>>> print(open('coords.tsv').read())   # TSV, C-alpha atoms
chain	number	residue	atom	x	y	z
A	1	ALA	CA	136.08	138.74	178.87
A	2	GLU	CA	133.95	141.87	178.52
A	3	ALA	CA	130.76	139.80	178.35
A	4	GLU	CA	131.82	137.86	181.43
A	5	ALA	CA	132.55	141.07	183.35
A	6	GLU	CA	129.22	142.55	182.27
A	7	ALA	CA	127.34	139.44	183.41
A	8	LEU	CA	129.14	139.55	186.76
A	9	VAL	CA	128.22	143.21	187.31
A	10	LYS	CA	124.59	142.48	186.38
A	11	ALA	CA	124.39	139.50	188.75
A	12	THR	CA	126.05	141.40	191.60
A	13	SER	CA	123.88	144.51	191.19
A	14	ALA	CA	120.73	142.37	191.61
A	15	ILE	CA	121.80	141.32	195.11
A	16	PRO	CA	120.35	143.47	197.92
A	17	LYS	CA	122.80	144.88	200.45
A	18	ASP	CA	121.02	143.34	203.44
A	19	PHE	CA	119.77	139.77	203.25
A	20	GLU	CA	119.71	136.82	205.60
A	21	ARG	CA	122.73	134.63	204.93
A	22	PRO	CA	122.44	130.84	205.15
A	23	VAL	CA	124.19	128.78	207.79
A	24	HIS	CA	126.78	126.70	205.98
A	25	PRO	CA	128.35	123.50	207.33
A	26	PRO	CA	131.69	124.35	208.98
A	27	THR	CA	134.80	124.33	206.80
A	28	ASN	CA	137.97	122.46	207.77
A	29	ARG	CA	139.45	125.76	208.99
A	30	GLU	CA	136.39	126.49	211.13
A	31	LYS	CA	136.49	122.97	212.60
A	32	GLU	CA	140.16	123.35	213.52
A	33	LEU	CA	139.54	126.78	215.06
A	34	PHE	CA	136.67	125.39	217.13
A	35	LYS	CA	138.82	122.52	218.48
A	36	LEU	CA	141.80	124.74	219.27
A	37	LYS	CA	139.72	127.44	220.97
A	38	LYS	CA	138.04	124.78	223.09
A	39	LYS	CA	141.44	123.47	224.25
A	40	VAL	CA	142.65	127.00	225.01
A	41	ARG	CA	139.50	127.71	227.07
A	42	GLU	CA	140.09	124.51	229.05
A	43	MET	CA	143.66	125.61	229.77
A	44	GLU	CA	142.49	129.07	230.85
A	45	GLU	CA	140.06	127.44	233.29
A	46	LEU	CA	142.92	125.39	234.75
A	47	GLU	CA	145.01	128.56	235.08
A	48	GLU	CA	142.16	130.27	236.97
A	49	LYS	CA	141.90	127.30	239.36
A	50	MET	CA	145.66	127.34	239.93
A	51	ALA	CA	145.57	131.11	240.58
A	52	ALA	CA	142.80	130.51	243.15
A	53	GLY	CA	145.07	128.09	245.03
A	54	THR	CA	143.81	124.77	243.65
A	55	LYS	CA	146.48	122.11	243.35
A	56	LEU	CA	146.47	120.74	239.79
A	57	ALA	CA	147.04	117.11	238.94
A	58	SER	CA	150.25	116.23	237.12
A	59	ASN	CA	148.44	115.56	233.84
A	60	GLN	CA	146.73	118.99	234.13
A	61	GLU	CA	150.08	120.69	234.66
A	62	ALA	CA	151.44	118.82	231.63
A	63	LYS	CA	148.49	120.08	229.61
A	64	LEU	CA	149.30	123.70	230.48
A	65	LEU	CA	152.82	123.27	229.10
A	66	LYS	CA	151.30	122.78	225.65
A	67	LYS	CA	149.53	126.16	225.68
A	68	PRO	CA	152.23	128.17	223.83
A	69	GLY	CA	152.21	125.63	220.98
A	70	LEU	CA	148.40	125.67	220.83
A	71	LEU	CA	148.31	129.47	220.73
A	72	GLU	CA	150.82	129.45	217.87
A	73	GLU	CA	148.75	126.88	215.97
A	74	LEU	CA	145.59	128.91	216.66
A	75	SER	CA	147.24	132.04	215.26
A	76	ILE	CA	148.21	130.18	212.09
A	77	TRP	CA	144.67	128.93	211.50
A	78	GLU	CA	143.18	132.37	212.26
A	79	ASN	CA	145.40	133.91	209.58
A	80	THR	CA	144.77	131.16	207.05
A	81	VAL	CA	142.64	132.26	204.09
A	82	GLU	CA	139.55	130.16	203.48
A	83	PRO	CA	139.96	128.33	200.12
A	84	HIS	CA	136.38	129.15	199.10
A	85	THR	CA	137.14	132.89	199.24
A	86	ILE	CA	139.94	132.68	196.63
A	87	GLU	CA	139.28	133.20	192.92
A	88	TRP	CA	141.02	130.83	190.53
A	89	GLN	CA	141.55	130.91	186.79
A	90	ALA	CA	139.72	128.05	185.08
A	91	THR	CA	139.07	126.73	181.59
A	92	VAL	CA	135.97	124.86	180.44
A	93	HIS	CA	137.22	121.37	179.63
A	94	GLU	CA	133.93	119.72	178.72
A	95	ILE	CA	130.17	120.24	178.71
A	96	MET	CA	128.82	117.31	180.69
A	97	ASN	CA	126.45	114.82	179.08
A	98	PRO	CA	123.94	114.49	180.68
A	99	MET	CA	124.07	118.26	180.87
A	100	PHE	CA	124.14	118.61	184.65
A	101	GLY	CA	127.04	121.08	184.53
A	102	VAL	CA	130.53	121.54	183.10
A	103	LEU	CA	133.96	120.07	183.80
A	104	LEU	CA	136.71	122.62	184.47
A	105	LYS	CA	140.49	122.63	184.47
A	106	VAL	CA	141.30	124.81	187.48
A	107	ASP	CA	144.73	126.31	188.16
A	108	GLY	CA	146.38	124.51	191.05
A	109	GLN	CA	144.17	121.42	190.74
A	110	SER	CA	145.49	118.21	189.20
A	111	GLU	CA	142.05	116.74	188.43
A	112	SER	CA	139.13	118.24	186.51
A	113	MET	CA	136.48	119.79	188.75
A	114	THR	CA	132.71	120.00	188.33
A	115	MET	CA	130.63	123.16	188.23
A	116	SER	CA	127.01	122.12	188.68
A	117	ALA	CA	124.12	123.88	186.97
A	118	ALA	CA	122.97	124.72	190.50
A	119	HIS	CA	126.14	126.71	191.17
A	120	MET	CA	126.41	128.70	187.95
A	121	SER	CA	125.97	132.46	187.89
A	122	PRO	CA	123.03	132.63	187.80
A	123	PRO	CA	121.95	129.02	188.53
A	124	VAL	CA	120.36	127.06	185.68
A	125	SER	CA	117.11	125.27	186.48
A	126	THR	CA	116.46	121.70	185.36
A	127	GLU	CA	113.85	123.04	182.92
A	128	ASN	CA	116.49	125.10	181.10
A	129	LEU	CA	119.63	122.93	181.12
A	130	GLY	CA	120.09	123.65	177.42
A	131	GLU	CA	121.22	127.15	178.43
A	132	ILE	CA	124.49	125.67	179.69
A	133	SER	CA	125.88	124.99	176.20
A	134	ALA	CA	124.93	128.54	175.17
A	135	ARG	CA	126.65	130.13	178.17
A	136	TYR	CA	129.74	127.93	178.38
A	137	THR	CA	131.91	126.66	175.53
A	138	LYS	CA	134.90	124.33	175.50
A	139	GLY	CA	138.10	126.32	176.03
A	140	GLN	CA	136.30	129.29	177.59
A	141	GLU	CA	138.25	130.94	180.40
A	142	LEU	CA	136.54	132.14	183.56
A	143	LYS	CA	137.12	132.94	187.22
A	144	VAL	CA	135.81	130.43	189.76
A	145	ARG	CA	135.90	129.69	193.47
A	146	LEU	CA	136.13	126.29	195.10
A	147	MET	CA	132.96	125.45	196.99
A	148	ARG	CA	133.18	124.96	200.75
A	149	ASP	CA	133.23	121.19	200.25
A	150	GLY	CA	136.45	121.56	198.24
A	151	LYS	CA	135.12	119.15	195.60
A	152	SER	CA	133.27	121.43	193.17
A	153	CYS	CA	133.36	124.97	191.78
A	154	THR	CA	131.17	128.01	191.30
A	155	ASP	CA	131.53	131.19	189.26
A	156	MET	CA	129.25	133.03	191.70
A	157	SER	CA	130.65	135.55	194.16
A	158	ILE	CA	130.33	134.73	197.86
A	159	ASP	CA	127.46	137.22	198.16
A	160	GLU	CA	125.63	135.77	195.16
A	161	GLU	CA	126.17	132.21	196.42
A	162	ASP	CA	124.65	133.12	199.79
A	163	PHE	CA	121.82	135.13	198.23
A	164	ARG	CA	120.88	132.28	195.85
A	165	TYR	CA	121.47	129.52	198.40
A	166	GLN	CA	117.85	128.32	198.56
A	167	GLU	CA	117.53	128.44	194.76
A	168	SER	CA	120.75	126.45	194.36
A	169	GLN	CA	119.63	123.88	196.93
A	170	ALA	CA	116.30	123.37	195.14
A	171	ILE	CA	118.06	122.90	191.77
A	172	SER	CA	120.58	120.49	193.33
A	173	GLU	CA	117.72	118.36	194.66
A	174	ALA	CA	116.00	118.40	191.24
A	175	LEU	CA	119.29	117.42	189.55
A	176	GLU	CA	119.67	114.46	191.89
A	177	ILE	CA	116.25	113.19	190.80
A	178	LEU	CA	117.30	113.50	187.14
A	179	LYS	CA	120.58	111.71	187.85
A	180	VAL	CA	118.79	108.79	189.48
A	181	GLU	CA	116.35	108.55	186.57
A	182	ASP	CA	119.16	108.77	184.00
A	183	LYS	CA	121.17	106.07	185.76
A	184	LYS	CA	118.14	103.78	185.92
A	185	LYS	CA	117.16	104.23	182.28
A	186	ILE	CA	120.63	104.28	180.74
A	187	TYR	CA	122.84	102.03	182.81
A	188	GLU	CA	120.39	99.69	184.53
A	189	GLU	CA	118.12	99.17	181.51
A	190	LEU	CA	119.79	100.07	178.19
A	191	TRP	CA	123.29	98.90	179.06
A	192	GLU	CA	121.97	95.61	180.42
A	193	ALA	CA	119.54	95.00	177.55
A	194	GLY	CA	121.89	95.73	174.65
A	195	THR	CA	118.92	96.30	172.32
A	196	TRP	CA	116.72	99.19	171.21
A	197	SER	CA	114.38	100.29	173.98
A	198	ALA	CA	110.73	99.38	173.76
A	199	GLU	CA	109.98	102.73	175.41
A	200	GLU	CA	109.77	105.88	173.29
A	201	PHE	CA	111.59	108.94	174.61
A	202	ASN	CA	110.38	112.41	173.71
A	203	GLY	CA	113.12	114.88	172.92
A	204	THR	CA	114.10	118.11	171.19
A	205	VAL	CA	116.54	118.47	168.30
A	206	VAL	CA	119.48	120.62	169.46
A	207	SER	CA	121.88	120.19	166.53
A	208	VAL	CA	121.64	119.03	162.92
A	209	ARG	CA	124.53	117.87	160.73
A	210	ASP	CA	124.70	116.31	157.28
A	211	ASN	CA	124.73	112.70	158.46
A	212	CYS	CA	123.26	112.91	161.97
A	213	MET	CA	121.42	115.01	164.50
A	214	PHE	CA	121.61	115.39	168.26
A	215	VAL	CA	118.49	115.21	170.41
A	216	ARG	CA	118.11	116.11	174.08
A	217	VAL	CA	116.04	113.56	175.99
A	218	MET	CA	115.17	113.20	179.68
A	219	ALA	CA	115.80	116.96	180.08
A	220	ALA	CA	119.59	116.63	180.07
A	221	ARG	CA	121.07	113.84	177.93
A	222	GLU	CA	122.02	114.50	174.31
A	223	VAL	CA	121.98	111.46	172.01
A	224	ARG	CA	123.25	111.04	168.46
A	225	VAL	CA	120.80	109.89	165.80
A	226	SER	CA	122.37	108.75	162.54
A	227	ALA	CA	120.66	109.54	159.25
A	228	THR	CA	120.45	105.78	158.70
A	229	ASP	CA	118.27	105.53	161.81
A	230	MET	CA	115.74	108.08	160.58
A	231	SER	CA	112.55	107.85	158.57
A	232	SER	CA	113.02	108.16	154.79
A	233	LYS	CA	110.93	111.33	154.94
A	234	TYR	CA	113.78	113.11	156.72
A	235	VAL	CA	116.75	111.88	154.69
A	236	PHE	CA	117.90	111.65	151.09
A	237	LYS	CA	120.62	109.71	149.28
A	238	ASP	CA	123.46	111.96	148.14
A	239	PRO	CA	123.76	111.33	144.37
A	240	VAL	CA	127.56	111.62	144.43
A	241	SER	CA	128.63	109.89	147.67
A	242	LYS	CA	125.56	107.62	147.84
A	243	VAL	CA	125.49	108.40	151.58
A	244	SER	CA	122.25	109.15	153.45
A	245	LYS	CA	122.02	112.78	154.52
A	246	ILE	CA	119.45	114.73	156.52
A	247	ARG	CA	116.90	117.00	154.85
A	248	ARG	CA	117.60	120.21	156.75
A	249	ASP	CA	114.30	121.73	155.60
A	250	GLU	CA	112.49	118.89	157.39
A	251	VAL	CA	114.64	118.53	160.50
A	252	THR	CA	115.57	121.75	162.29
A	253	VAL	CA	116.72	122.76	165.76
A	254	GLY	CA	113.77	122.88	168.14
A	255	VAL	CA	111.73	120.17	166.41
A	256	GLU	CA	110.26	117.63	168.83
A	257	VAL	CA	110.84	113.98	168.01
A	258	SER	CA	110.33	110.55	169.55
A	259	LEU	CA	113.24	108.16	169.84
A	260	ARG	CA	114.08	104.65	170.84
A	261	LEU	CA	117.43	104.44	172.58
A	262	ARG	CA	120.23	101.88	172.64
A	263	TRP	CA	123.64	101.64	174.33
A	264	ASP	CA	126.49	101.78	171.81
A	265	TYR	CA	129.16	99.56	173.40
A	266	ARG	CA	131.83	100.40	170.82
A	267	ASN	CA	131.64	104.17	171.40
A	268	GLU	CA	130.49	104.01	175.03
A	269	ARG	CA	127.47	106.26	174.50
A	270	VAL	CA	123.73	106.28	173.94
A	271	THR	CA	122.41	106.42	170.37
A	272	GLY	CA	118.88	107.03	169.16
A	273	SER	CA	116.57	105.83	166.44
A	274	MET	CA	113.97	108.31	165.23
A	275	ILE	CA	110.59	106.58	165.25
A	276	VAL	CA	108.38	109.29	163.88
A	277	GLN	CA	108.00	113.02	164.29
A	278	LYS	CA	105.20	113.89	166.71
A	279	GLY	CA	103.12	115.76	164.15
A	280	ASP	CA	103.38	112.93	161.63
A	281	LYS	CA	102.50	110.39	164.31
A	282	LYS	CA	99.24	112.20	164.98
A	283	GLU	CA	98.51	112.38	161.26
A	284	ALA	CA	99.21	108.66	160.90
A	285	GLU	CA	96.90	107.87	163.79
A	286	ALA	CA	94.21	110.08	162.26
A	287	GLU	CA	94.54	108.27	158.93
A	288	GLU	CA	94.17	104.91	160.68
A	289	VAL	CA	90.98	106.12	162.37
A	290	GLU	CA	89.54	107.37	159.07
A	291	ALA	CA	90.39	104.05	157.41
>>> encode(input="coords.tsv", output="structure tokens")
Amino acid sequence: AEAEAEALVKATSAIPKDFERPVHPPTNREKELFKLKKKVREMEELEEKMAAGTKLASNQEAKLLKKPGLLEELSIWENTVEPHTIEWQATVHEIMNPMFGVLLKVDGQSESMTMSAAHMSPPVSTENLGEISARYTKGQELKVRLMRDGKSCTDMSIDEEDFRYQESQAISEALEILKVEDKKKIYEELWEAGTWSAEEFNGTVVSVRDNCMFVRVMAAREVRVSATDMSSKYVFKDPVSKVSKIRRDEVTVGVEVSLRLRWDYRNERVTGSMIVQKGDKKEAEAEEVEA
């Protein structure tokens, strides 16, 4: 909680007092206010004509009878608080994979809601999506606001959201490109093929366990690579359990690897097969040339 408060103070203090705010699409409240004020103005114009001696048509007179009800409705909407200005308590339910954001359980909402990398405080660029898992953990509690669209969340203040609007828009556009690429590669190619990909995907090791590792490919998607799908150089047979385990001195977080990918229908996820570590691949190529 202290770290969260400190981060909020730091983010807020970096925002200048005077800056040009973006023009947002109108909210539902703003749309209703616009319609009601327009109707009231039309009624006031009819009242002015009637005061000047103009005889109103029967339908115009009937319209004026609705004015008290419209004014009451207008007052209600004017005093209604915009949902995007309210802070809600939320809990991180899941880190998305691909890592385009996080899923939140928000008080008062029956369904999980998304907080995009573009709307985090501060926003996370597509080049640094790995930061998300370092900043947000499952079960973490935080304060959020609903975005103006009512479909997603942000942990930015209104001022920070407006100040970073252009940055957030640019990241959102970049995320959409990644989403299209991920959908094409994973669902339109791997899922349909049902076999290991012919294409090699470059990635970075983000986690290492005894019997598997996790590699981030295509900037955002983390895939599991079993020790049985790795080169013998990187694994050893446990003398007691006879199970293949990873040599942690050979495979560490941050190491770059090349993988083939395949859709795992049983577990509904993408798995990887480690072809060869980049450095070793170059050495192998060099040896072939020398031979």
>>> closest_residue(input="coords.tsv", among="A:Ser133, A:Asp162, A:Gly108, A:Ser125", to="A:Asp18", atoms="all atoms listed in the file")
A:Asp162
>>> residues_around(input="coords.tsv", residues="A:Leu64", least_positions_apart="5", cutoff="10 Å", atoms="all atoms listed in the file", output="compact mmCIF listing (two decimals) with C-alpha atoms, in the coordinates of the input")
# COMPACT_ATOMS: atom_id res chain seq x y z
CA VAL A 40 142.65 127.00 225.01
CA GLU A 42 140.09 124.51 229.05
CA MET A 43 143.66 125.61 229.77
CA GLU A 44 142.49 129.07 230.85
CA LEU A 46 142.92 125.39 234.75
CA GLU A 47 145.01 128.56 235.08
CA ASN A 59 148.44 115.56 233.84
CA LEU A 70 148.40 125.67 220.83
>>> closest_residue(input="coords.tsv", among="A:Val253, A:Ala170, A:Met156, A:Met274", to="A:Glu200", atoms="only C-alpha atoms")
A:Met274
>>> closest_residue(input="coords.tsv", among="A:Asp107, A:Gln169, A:Met115, A:His93", to="A:Lys138", atoms="all atoms listed in the file")
A:His93
>>> residues_near_point(input="coords.tsv", point="(123.3, 97.8, 175.8)", cutoff="10 Å", atoms="only C-alpha atoms", output="list in words")
Ile186, Tyr187, Glu188, Glu189, Leu190, Trp191, Glu192, Ala193, Gly194, Thr195, Trp196, Ser197, Leu261, Arg262, Trp263, Asp264, Tyr265, Glu268, Arg269 and Val270 of chain A
>>> residues_around(input="coords.tsv", residues="A:Lys17", least_positions_apart="2", cutoff="12 Å", atoms="all atoms listed in the file", output="short mmCIF file (atom, residue, chain, number, x, y, z; two decimals) with C-alpha atoms, in the coordinates of the input")
data_model
loop_
_atom_site.label_atom_id
_atom_site.label_comp_id
_atom_site.auth_asym_id
_atom_site.auth_seq_id
_atom_site.Cartn_x
_atom_site.Cartn_y
_atom_site.Cartn_z
CA THR A 12 126.05 141.40 191.60
CA SER A 13 123.88 144.51 191.19
CA ALA A 14 120.73 142.37 191.61
CA ILE A 15 121.80 141.32 195.11
CA PHE A 19 119.77 139.77 203.25
CA GLU A 20 119.71 136.82 205.60
CA ARG A 21 122.73 134.63 204.93
CA ASP A 159 127.46 137.22 198.16
CA GLU A 160 125.63 135.77 195.16
CA ASP A 162 124.65 133.12 199.79
CA PHE A 163 121.82 135.13 198.23
#
